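Before any comments, here is the structure.
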Amino acid sequence: MLIPFSTYQVIFYVWIGIAVCIFFLLLKVVAPYGRHSSAKWGPLISNHYGWLYMELPALAIMVFFFAKNFSNDKTAIEIMIGLFCLHYFNRTFIFPFRLHTRGKKMPVLIMLSGIFFNLCNTFLLGYYFTHFANYSTAWFTDIRFMGGVILFFTGLWINWKADNILIHLRKPDETDYKIPVGWLFNWVSCPNLMGELIEWAGFALLCWNMPALAFFIWTAANLIPRAMAHHQWYKKKFENYPAERKAVLPHLL
């Protein structure tokens with residue numbers, strides 16, 4: 001049964017409202033995975049497989065919507081879905097297994113919350129593409145599409161390069177944390193998260209629709225508090241941590 005657009009709008013605004021609440025919650029409660037992982041949050045799962053299971057639903061659902069939308073007159077939608085899948089293919093099948101985190105775990109609760117987040121966000125986006133979106137070929141020359149594509153790939157490049165630097169700070173058999181130096185790490189503690197924010201801002205711009213905006217808002221609600229927690233963790237752990245660095249936005253935050 002087709003969801004009326006008016007109902008879809010209500011769901012969209014409720015989803016945005018939840019993101020705002022989550023943002024303020026995460027400013028007070030640090031999500032317990034990665035360097036902040038804690039067994040106090042219940043059963044644990046391997047970091048590698050936690051990431052795999054957490055990100056796979058987003059990729060699988062969007063591939064399903066790609067198959068439903070495949071058509072010669074829906075090229076713009078197929079490109080948008082393709083960009084989304086490019087990010088999540090890396091997050092599902094490449095990134096988790098490059099991590100030098102042997103023996104490290106994340107709470108199953110975090111994995112399940114990530115699955116829920118990906119299911120909701122991807123469904124909202126895919127459903128919009130399938131039932132409500134309408135892009136003509138003129139969209140390819142629109143400044144919003146062109147600017148958004150540039151932002152998306154700029155953010156993707158920053159995210160991947162920062163991840164690569166962080167991964168190679170440690171040898172495969174090492175688990176200790178080190179201070180990253182050079183490149184954008186001279187200005188912010190988390191250029192990987194900054195890159196992802198830029199990436200999804202670009203995606204929201206090139207799609208210019210409600211669910212893509214919601215996806216960016218949710219990304220910011222999760223990643224900005226995450227970056228701030230990382231930044232404070234670095235400052236507490238390393239007495240010589242560079243004082244001039246910000247968390248995620250150079251000279252600002």
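Identifiers in the structure tokens: chain A, B, ... in order shown; residue index from 1 per chain; ligand index from 1 in order shown.
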**OP:** Apply DSSP to the backbone of this structure and, from range 202-242 of chain A, keep only the residues in helix (DSSP H, G or I); write these as a ChimeraX atom specification.
**Re:** /A:202-207,210-237
Same residues, N, CA and C atoms, saved as a tab-separated table (two decimals), in the first residue's frame:
```tsv
chain	number	residue	atom	x	y	z
A	202	GLY	N	26.96	17.09	0.91
A	202	GLY	CA	26.95	17.09	-0.55
A	202	GLY	C	25.84	16.22	-1.10
A	203	PHE	N	25.62	15.07	-0.47
A	203	PHE	CA	24.55	14.18	-0.91
A	203	PHE	C	23.18	14.84	-0.76
A	204	ALA	N	22.97	15.51	0.37
A	204	ALA	CA	21.71	16.22	0.58
A	204	ALA	C	21.51	17.31	-0.47
A	205	LEU	N	22.61	17.98	-0.83
A	205	LEU	CA	22.52	19.05	-1.82
A	205	LEU	C	22.22	18.50	-3.21
A	206	LEU	N	22.90	17.44	-3.62
A	206	LEU	CA	22.71	16.92	-4.97
A	206	LEU	C	21.37	16.23	-5.13
A	207	CYS	N	20.83	15.67	-4.04
A	207	CYS	CA	19.50	15.05	-4.10
A	207	CYS	C	18.39	16.08	-3.94
A	210	MET	N	13.79	15.67	0.98
A	210	MET	CA	13.62	15.59	2.43
A	210	MET	C	14.43	14.47	3.08
A	211	PRO	N	14.36	13.23	2.57
A	211	PRO	CA	15.09	12.17	3.27
A	211	PRO	C	16.60	12.33	3.22
A	212	ALA	N	17.13	12.91	2.15
A	212	ALA	CA	18.57	13.16	2.09
A	212	ALA	C	18.97	14.21	3.12
A	213	LEU	N	18.11	15.21	3.32
A	213	LEU	CA	18.35	16.21	4.37
A	213	LEU	C	18.29	15.54	5.74
A	214	ALA	N	17.30	14.66	5.93
A	214	ALA	CA	17.18	13.95	7.21
A	214	ALA	C	18.42	13.10	7.46
A	215	PHE	N	18.93	12.49	6.41
A	215	PHE	CA	20.13	11.66	6.55
A	215	PHE	C	21.31	12.51	7.02
A	216	PHE	N	21.45	13.70	6.45
A	216	PHE	CA	22.54	14.58	6.88
A	216	PHE	C	22.35	15.02	8.32
A	217	ILE	N	21.12	15.36	8.70
A	217	ILE	CA	20.86	15.80	10.07
A	217	ILE	C	21.19	14.68	11.05
A	218	TRP	N	20.79	13.45	10.72
A	218	TRP	CA	21.11	12.31	11.58
A	218	TRP	C	22.62	12.09	11.63
A	219	THR	N	23.30	12.25	10.51
A	219	THR	CA	24.76	12.11	10.49
A	219	THR	C	25.40	13.12	11.43
A	220	ALA	N	24.97	14.37	11.34
A	220	ALA	CA	25.51	15.42	12.22
A	220	ALA	C	25.17	15.14	13.67
A	221	ALA	N	23.95	14.66	13.94
A	221	ALA	CA	23.54	14.37	15.31
A	221	ALA	C	24.39	13.28	15.94
A	222	ASN	N	24.87	12.35	15.13
A	222	ASN	CA	25.73	11.28	15.63
A	222	ASN	C	27.21	11.67	15.66
A	223	LEU	N	27.68	12.30	14.58
A	223	LEU	CA	29.12	12.49	14.42
A	223	LEU	C	29.69	13.69	15.17
A	224	ILE	N	28.93	14.76	15.31
A	224	ILE	CA	29.46	15.93	16.03
A	224	ILE	C	29.71	15.59	17.50
A	225	PRO	N	28.73	14.99	18.22
A	225	PRO	CA	29.05	14.58	19.60
A	225	PRO	C	30.18	13.54	19.65
A	226	ARG	N	30.23	12.67	18.65
A	226	ARG	CA	31.29	11.65	18.60
A	226	ARG	C	32.66	12.31	18.49
A	227	ALA	N	32.76	13.29	17.61
A	227	ALA	CA	34.03	14.00	17.42
A	227	ALA	C	34.43	14.74	18.69
A	228	MET	N	33.46	15.35	19.35
A	228	MET	CA	33.75	16.08	20.59
A	228	MET	C	34.23	15.13	21.68
A	229	ALA	N	33.64	13.92	21.74
A	229	ALA	CA	34.07	12.93	22.73
A	229	ALA	C	35.47	12.44	22.43
A	230	HIS	N	35.77	12.20	21.13
A	230	HIS	CA	37.13	11.80	20.73
A	230	HIS	C	38.14	12.87	21.13
A	231	HIS	N	37.78	14.11	20.86
A	231	HIS	CA	38.68	15.23	21.14
A	231	HIS	C	39.01	15.31	22.64
A	232	GLN	N	38.00	15.20	23.46
A	232	GLN	CA	38.22	15.23	24.90
A	232	GLN	C	39.03	14.02	25.37
A	233	TRP	N	38.80	12.87	24.75
A	233	TRP	CA	39.55	11.66	25.08
A	233	TRP	C	41.04	11.84	24.77
A	234	TYR	N	41.33	12.40	23.60
A	234	TYR	CA	42.73	12.66	23.22
A	234	TYR	C	43.39	13.59	24.24
A	235	LYS	N	42.68	14.64	24.63
A	235	LYS	CA	43.27	15.62	25.54
A	235	LYS	C	43.54	15.03	26.93
A	236	LYS	N	42.67	14.11	27.35
A	236	LYS	CA	42.88	13.47	28.65
A	236	LYS	C	43.99	12.42	28.60
A	237	LYS	N	44.08	11.71	27.50
A	237	LYS	CA	45.04	10.61	27.41
A	237	LYS	C	46.46	11.09	27.14
```
Kindly provide the residues of range 76-134 of chain A that approach range 40-46 of chain A to within 7 Å, each paired with its closest atom pair and their distance in Å to one decimal, based on only C-alpha atoms, listed by chain and increasing number, as JSON lines.
```
{"residue": "A:Lys104", "atom": "CA", "partner": "A:Ser46", "partner_atom": "CA", "distance": 6.2}
{"residue": "A:Lys105", "atom": "CA", "partner": "A:Ser46", "partner_atom": "CA", "distance": 4.4}
{"residue": "A:Met106", "atom": "CA", "partner": "A:Leu44", "partner_atom": "CA", "distance": 5.3}
{"residue": "A:Pro107", "atom": "CA", "partner": "A:Leu44", "partner_atom": "CA", "distance": 4.3}
{"residue": "A:Val108", "atom": "CA", "partner": "A:Leu44", "partner_atom": "CA", "distance": 5.3}
```
Subject >> Members of range 2-242 of chain A assigned strand (DSSP E or B) by DSSP, as a ChimeraX atom specification >> reply: /A:44-46,105-107,188
**OP:** Could you please determine the separation between CA of Glu196 in chain A and CA of Leu83 in chain A in Å, to one decimal place?
**Re:** 13.1 Å
Subject >> Selection near Thr154 in chain A, 9 Å with only C-alpha atoms, sequence-local residues under 3 positions removed, as a PyMOL selection string >> reply: chain A and resi 149-151+157-159+195+198-199+202
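CA of Ala76 in chain A sits 13.5 Å away from CA of Phe132 in chain A.
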**OP:** Kindly give the distance, in Å, that separates CA of Leu99 in chain A and CA of Ala19 in chain A, rounded to a single decimal.
**Re:**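 Value for the CA of Leu99 in chain A-CA of Ala19 in chain A distance: 28.2 Å.
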Subject >> Shortest interatomic distance to Thr75 in chain A - which of A:Phe97, A:Phe129, A:Phe24, A:Phe12, counting only C-alpha atoms >> reply: A:Phe129
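Using only C-alpha atoms, the nearest neighbour of Gly50 in chain A within the list A:Ala67, A:Leu112, A:Ile22, A:Val10 is A:Leu112.
If you measure from each of A:Lys246, A:Arg170, A:Lys178, A:His251 to Arg98 in chain A using only C-alpha atoms, the closest one turns out to be A:Arg170.
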Original post:
Using only C-alpha atoms, which residue out of A:Ile179, A:Cys85, A:Lys68, A:Val188 lies closest to Leu252 in chain A?
Top reply: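 When distances to Leu252 in chain A are compared using only C-alpha atoms, the smallest one comes from A:Val188.
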